[in-house]
Amino acid sequence: MSESRTLQSPWAGSLRVLSLGPRRARGRFTYVGKVSVATCVAMILLWWIAAWLEVAPAMFLPSPLAVAAKFVAVWRDGFQDATLSQHLFASLGRVVAALAGAIVFGVILGFAMNLSETARGIVEPLLEFYRPIPPLAYLPLVIIWFGIGEFAKILVIFLGILPSVLIATNDGLKSISRDMVNAARSLGASRLQVVLLVLLPYALPSILTGTRIGLGTGWATLVAAELVAATQGLGFMIKGAADFLVTDVVILGILVIAAAAIVMELGLRLVQRTLAPWQGHQ
């Protein structure tokens, strides 16, 4: 009986975990939500007051209303031969493609490092070599090797996201008790069953956390990638606006990137709560 409880997958107890303290969870979410909304309102109010008091010339500090008006104009008429939606979806496509690739390769390499000393010896020095290097440092080399097409931009973003997912996967696997793995093997579980039913479920929260961290790095890397040889994208739009001191478009681009990143972050949190509802309850 004790062995069956030990081998029980976290997914088997997800319904029980979800039923614990719903009122308390909803109350906590409501309080945090109210504080977050109040913080955003206060920031916008401070911005509006600074623009109204002309702390800086309107060319350098446009008001929130001016940026909102520019949003409508760029969405309708475009900026630098593309509408705001076209810039947004071009950037989103690059980030999503790079994130998907980083998740696949990061999880595979993380499992390989945990299960094979040879794989660890190969991957770890390469990872530690390039991980501290900022994307702008190796971006020119990627362009020289792979050209100025979409693949080079996605590759740079992929390389920015990959370390977070890989390290999180490896650390999540390290936290799993060896007794649990040995118990599964003693009950006749194959190597594949151990990976899918023991290792993956317990490492999943760490993998998703690493993905969320990598997403922020991916958006930061996106802007750097789009500064070179891009014809559409939010980073390209910001760079073009900055060249001509169109500050309201620069601020607009920053806000759109922030909004897109927040939406993707909330989506990942929802996925994390759905796939790993036991996280924080064990």
# chains A, B, ... in the order shown; residues from 1 in each chain; ligands from 1
call {"tool": "select_by_dssp", "arguments": {"residues": "range 115-201 of chain A", "states": "alpha helix (DSSP H)", "output": "ChimeraX atom specification"}}
result
/A:115,117-130,135-146,150-174,178-186,191-194,200-201
call {"tool": "residues_around", "arguments": {"residues": "Leu139 in chain A", "least_positions_apart": "3", "cutoff": "12 Å", "atoms": "only C-alpha atoms", "output": "list in words"}}
result
Ile133, Pro134, Pro135, Leu136, Val142, Ile143, Ile144, Trp145, Phe146, Gly147, Ile148, Ala152, Lys153, Ile154, Leu155, Val156, Ile157, Phe158, Leu159, Gly160, Thr221, Leu222, Val223, Ala224, Ala225, Glu226, Leu227, Val228 and Ala229 of chain A
call {"tool": "closest_atom_pairs", "arguments": {"of": "range 109-155 of chain A", "to": "range 182-195 of chain A", "cutoff": "12 Å", "atoms": "only C-alpha atoms", "output": "tab-separated table"}}
result
residue	atom	partner	partner_atom	distance
A:Phe111	CA	A:Val195	CA	8.8
A:Ala112	CA	A:Val195	CA	11.2
A:Asn114	CA	A:Val195	CA	11.1
A:Leu115	CA	A:Val195	CA	9.9
call {"tool": "closest_atom_pairs", "arguments": {"of": "range 58-175 of chain A", "to": "range 239-261 of chain A", "cutoff": "10 Å", "atoms": "only C-alpha atoms", "output": "Markdown table"}}
result
| residue | atom | partner | partner_atom | distance |
| --- | --- | --- | --- | --- |
| A:Ala58 | CA | A:Thr247 | CA | 8.9 |
| A:Met59 | CA | A:Thr247 | CA | 6.4 |
| A:Phe60 | CA | A:Thr247 | CA | 5.8 |
| A:Leu61 | CA | A:Thr247 | CA | 7.2 |
| A:Pro62 | CA | A:Asp248 | CA | 6.0 |
| A:Ser63 | CA | A:Asp248 | CA | 8.4 |
| A:Pro64 | CA | A:Asp248 | CA | 9.0 |
| A:Ala66 | CA | A:Asp248 | CA | 7.0 |
| A:Val67 | CA | A:Asp248 | CA | 5.3 |
| A:Ala68 | CA | A:Leu252 | CA | 8.0 |
| A:Ala69 | CA | A:Asp248 | CA | 9.3 |
| A:Lys70 | CA | A:Asp248 | CA | 6.8 |
| A:Phe71 | CA | A:Leu252 | CA | 6.7 |
| A:Val74 | CA | A:Val249 | CA | 8.3 |
| A:Phe79 | CA | A:Ala241 | CA | 8.6 |
| A:Gln80 | CA | A:Gly240 | CA | 7.4 |
| A:Leu84 | CA | A:Gly253 | CA | 8.8 |
| A:His87 | CA | A:Gly253 | CA | 9.4 |
| A:Leu88 | CA | A:Val256 | CA | 7.9 |
| A:Ser91 | CA | A:Ile257 | CA | 9.0 |
| A:Leu92 | CA | A:Ala260 | CA | 8.1 |
| A:Val95 | CA | A:Ala261 | CA | 9.9 |
call {"tool": "residues_around", "arguments": {"residues": "range 117-129 of chain A", "least_positions_apart": "4", "cutoff": "12 Å", "atoms": "only C-alpha atoms", "output": "list in words"}}
result
Phe105, Gly106, Ile108, Leu109, Gly110, Phe111, Ala112, Met113, Ile133, Pro134, Leu159, Gly160, Ile161, Leu162, Pro163, Ser164, Val165, Leu166, Ile167 and Asn170 of chain A
call {"tool": "write_last_selection", "arguments": {"atoms": "C-alpha atoms", "output": "PDB file, in the first residue's frame"}}
result
ATOM      1  CA  PHE A 105      15.151  20.876 -27.545  1.00  0.00           C
ATOM      2  CA  GLY A 106      15.415  22.093 -23.947  1.00  0.00           C
ATOM      3  CA  ILE A 108      15.131  16.616 -24.700  1.00  0.00           C
ATOM      4  CA  LEU A 109      18.591  17.902 -23.773  1.00  0.00           C
ATOM      5  CA  GLY A 110      17.602  18.272 -20.115  1.00  0.00           C
ATOM      6  CA  PHE A 111      16.498  14.641 -19.970  1.00  0.00           C
ATOM      7  CA  ALA A 112      19.621  13.576 -21.832  1.00  0.00           C
ATOM      8  CA  MET A 113      21.867  15.406 -19.350  1.00  0.00           C
ATOM      9  CA  ILE A 133      26.875  35.878 -23.948  1.00  0.00           C
ATOM     10  CA  PRO A 134      24.271  38.561 -24.772  1.00  0.00           C
ATOM     11  CA  LEU A 159      19.261  30.571 -28.427  1.00  0.00           C
ATOM     12  CA  GLY A 160      18.126  33.195 -25.914  1.00  0.00           C
ATOM     13  CA  ILE A 161      15.270  31.038 -24.581  1.00  0.00           C
ATOM     14  CA  LEU A 162      16.938  27.614 -24.641  1.00  0.00           C
ATOM     15  CA  PRO A 163      19.161  27.890 -21.511  1.00  0.00           C
ATOM     16  CA  SER A 164      16.220  28.701 -19.210  1.00  0.00           C
ATOM     17  CA  VAL A 165      14.194  25.693 -20.368  1.00  0.00           C
ATOM     18  CA  LEU A 166      17.176  23.322 -20.382  1.00  0.00           C
ATOM     19  CA  ILE A 167      18.438  24.276 -16.928  1.00  0.00           C
ATOM     20  CA  ASN A 170      17.594  19.395 -15.561  1.00  0.00           C
TER      21      ASN A 170
END
call {"tool": "residues_around", "arguments": {"residues": "Thr83 in chain A", "least_positions_apart": "5", "cutoff": "10 Å", "atoms": "only C-alpha atoms", "output": "list of chain:residue names"}}
result
A:Ala73, A:Val74, A:Trp75, A:Arg76, A:Asp77, A:Gly78, A:Leu88, A:Gln232, A:Gly233, A:Met237
call {"tool": "residues_around", "arguments": {"residues": "Arg212 in chain A", "least_positions_apart": "3", "cutoff": "10 Å", "atoms": "only C-alpha atoms", "output": "VMD selection string"}}
result
chain A and resid 99 161 164 to 165 206 to 209 215 to 218 264 to 269 272
call {"tool": "atom_distance", "arguments": {"atom1": "CA of Pro205 in chain A", "atom2": "CA of Val271 in chain A"}}
result
10.3 Å
call {"tool": "closest_residue", "arguments": {"among": "A:Glu54, A:Thr39, A:Val181, A:Leu204", "to": "Arg273 in chain A", "atoms": "only C-alpha atoms"}}
result
A:Leu204
call {"tool": "decode", "arguments": {"residues": "range 131-155 of chain A", "atoms": "N, CA and C atoms", "output": "compact mmCIF listing (two decimals), in the first residue's frame"}}
result
# COMPACT_ATOMS: atom_id res chain seq x y z
N ARG A 131 25.79 30.66 -22.73
CA ARG A 131 24.68 31.19 -21.93
C ARG A 131 24.92 32.62 -21.44
N PRO A 132 26.13 32.98 -20.97
CA PRO A 132 26.31 34.35 -20.48
C PRO A 132 26.48 35.39 -21.60
N ILE A 133 26.63 34.94 -22.85
CA ILE A 133 26.87 35.88 -23.95
C ILE A 133 25.56 36.55 -24.34
N PRO A 134 25.51 37.88 -24.37
CA PRO A 134 24.27 38.56 -24.77
C PRO A 134 23.98 38.32 -26.25
N PRO A 135 22.70 38.27 -26.62
CA PRO A 135 22.34 37.97 -28.02
C PRO A 135 22.95 38.93 -29.03
N LEU A 136 23.08 40.20 -28.66
CA LEU A 136 23.66 41.16 -29.60
C LEU A 136 25.11 40.81 -29.96
N ALA A 137 25.78 40.05 -29.10
CA ALA A 137 27.17 39.68 -29.37
C ALA A 137 27.27 38.64 -30.47
N TYR A 138 26.37 37.63 -30.44
CA TYR A 138 26.45 36.60 -31.48
C TYR A 138 25.47 36.80 -32.62
N LEU A 139 24.64 37.85 -32.56
CA LEU A 139 23.72 38.13 -33.66
C LEU A 139 24.45 38.37 -34.98
N PRO A 140 25.54 39.17 -35.02
CA PRO A 140 26.24 39.35 -36.31
C PRO A 140 26.77 38.04 -36.87
N LEU A 141 27.26 37.15 -35.99
CA LEU A 141 27.78 35.87 -36.46
C LEU A 141 26.67 35.01 -37.04
N VAL A 142 25.50 35.01 -36.40
CA VAL A 142 24.36 34.25 -36.92
C VAL A 142 23.95 34.77 -38.30
N ILE A 143 23.98 36.10 -38.48
CA ILE A 143 23.62 36.68 -39.77
C ILE A 143 24.65 36.31 -40.83
N ILE A 144 25.93 36.31 -40.45
CA ILE A 144 26.98 35.93 -41.41
C ILE A 144 26.80 34.48 -41.84
N TRP A 145 26.47 33.61 -40.91
CA TRP A 145 26.36 32.19 -41.22
C TRP A 145 25.04 31.83 -41.90
N PHE A 146 23.94 32.45 -41.47
CA PHE A 146 22.61 32.02 -41.92
C PHE A 146 21.85 33.09 -42.71
N GLY A 147 22.47 34.24 -42.96
CA GLY A 147 21.81 35.26 -43.75
C GLY A 147 20.89 36.14 -42.91
N ILE A 148 20.03 36.88 -43.61
CA ILE A 148 19.17 37.86 -42.94
C ILE A 148 17.69 37.45 -42.98
N GLY A 149 17.42 36.21 -43.29
CA GLY A 149 16.04 35.75 -43.38
C GLY A 149 15.43 35.47 -42.02
N GLU A 150 14.24 34.88 -42.07
CA GLU A 150 13.49 34.60 -40.84
C GLU A 150 14.20 33.58 -39.97
N PHE A 151 14.87 32.62 -40.59
CA PHE A 151 15.52 31.57 -39.80
C PHE A 151 16.55 32.16 -38.85
N ALA A 152 17.34 33.14 -39.31
CA ALA A 152 18.36 33.74 -38.46
C ALA A 152 17.73 34.45 -37.27
N LYS A 153 16.63 35.16 -37.49
CA LYS A 153 15.97 35.87 -36.39
C LYS A 153 15.41 34.88 -35.37
N ILE A 154 14.75 33.84 -35.86
CA ILE A 154 14.18 32.83 -34.96
C ILE A 154 15.28 32.11 -34.21
N LEU A 155 16.39 31.85 -34.88
CA LEU A 155 17.50 31.14 -34.25
C LEU A 155 18.08 31.95 -33.09
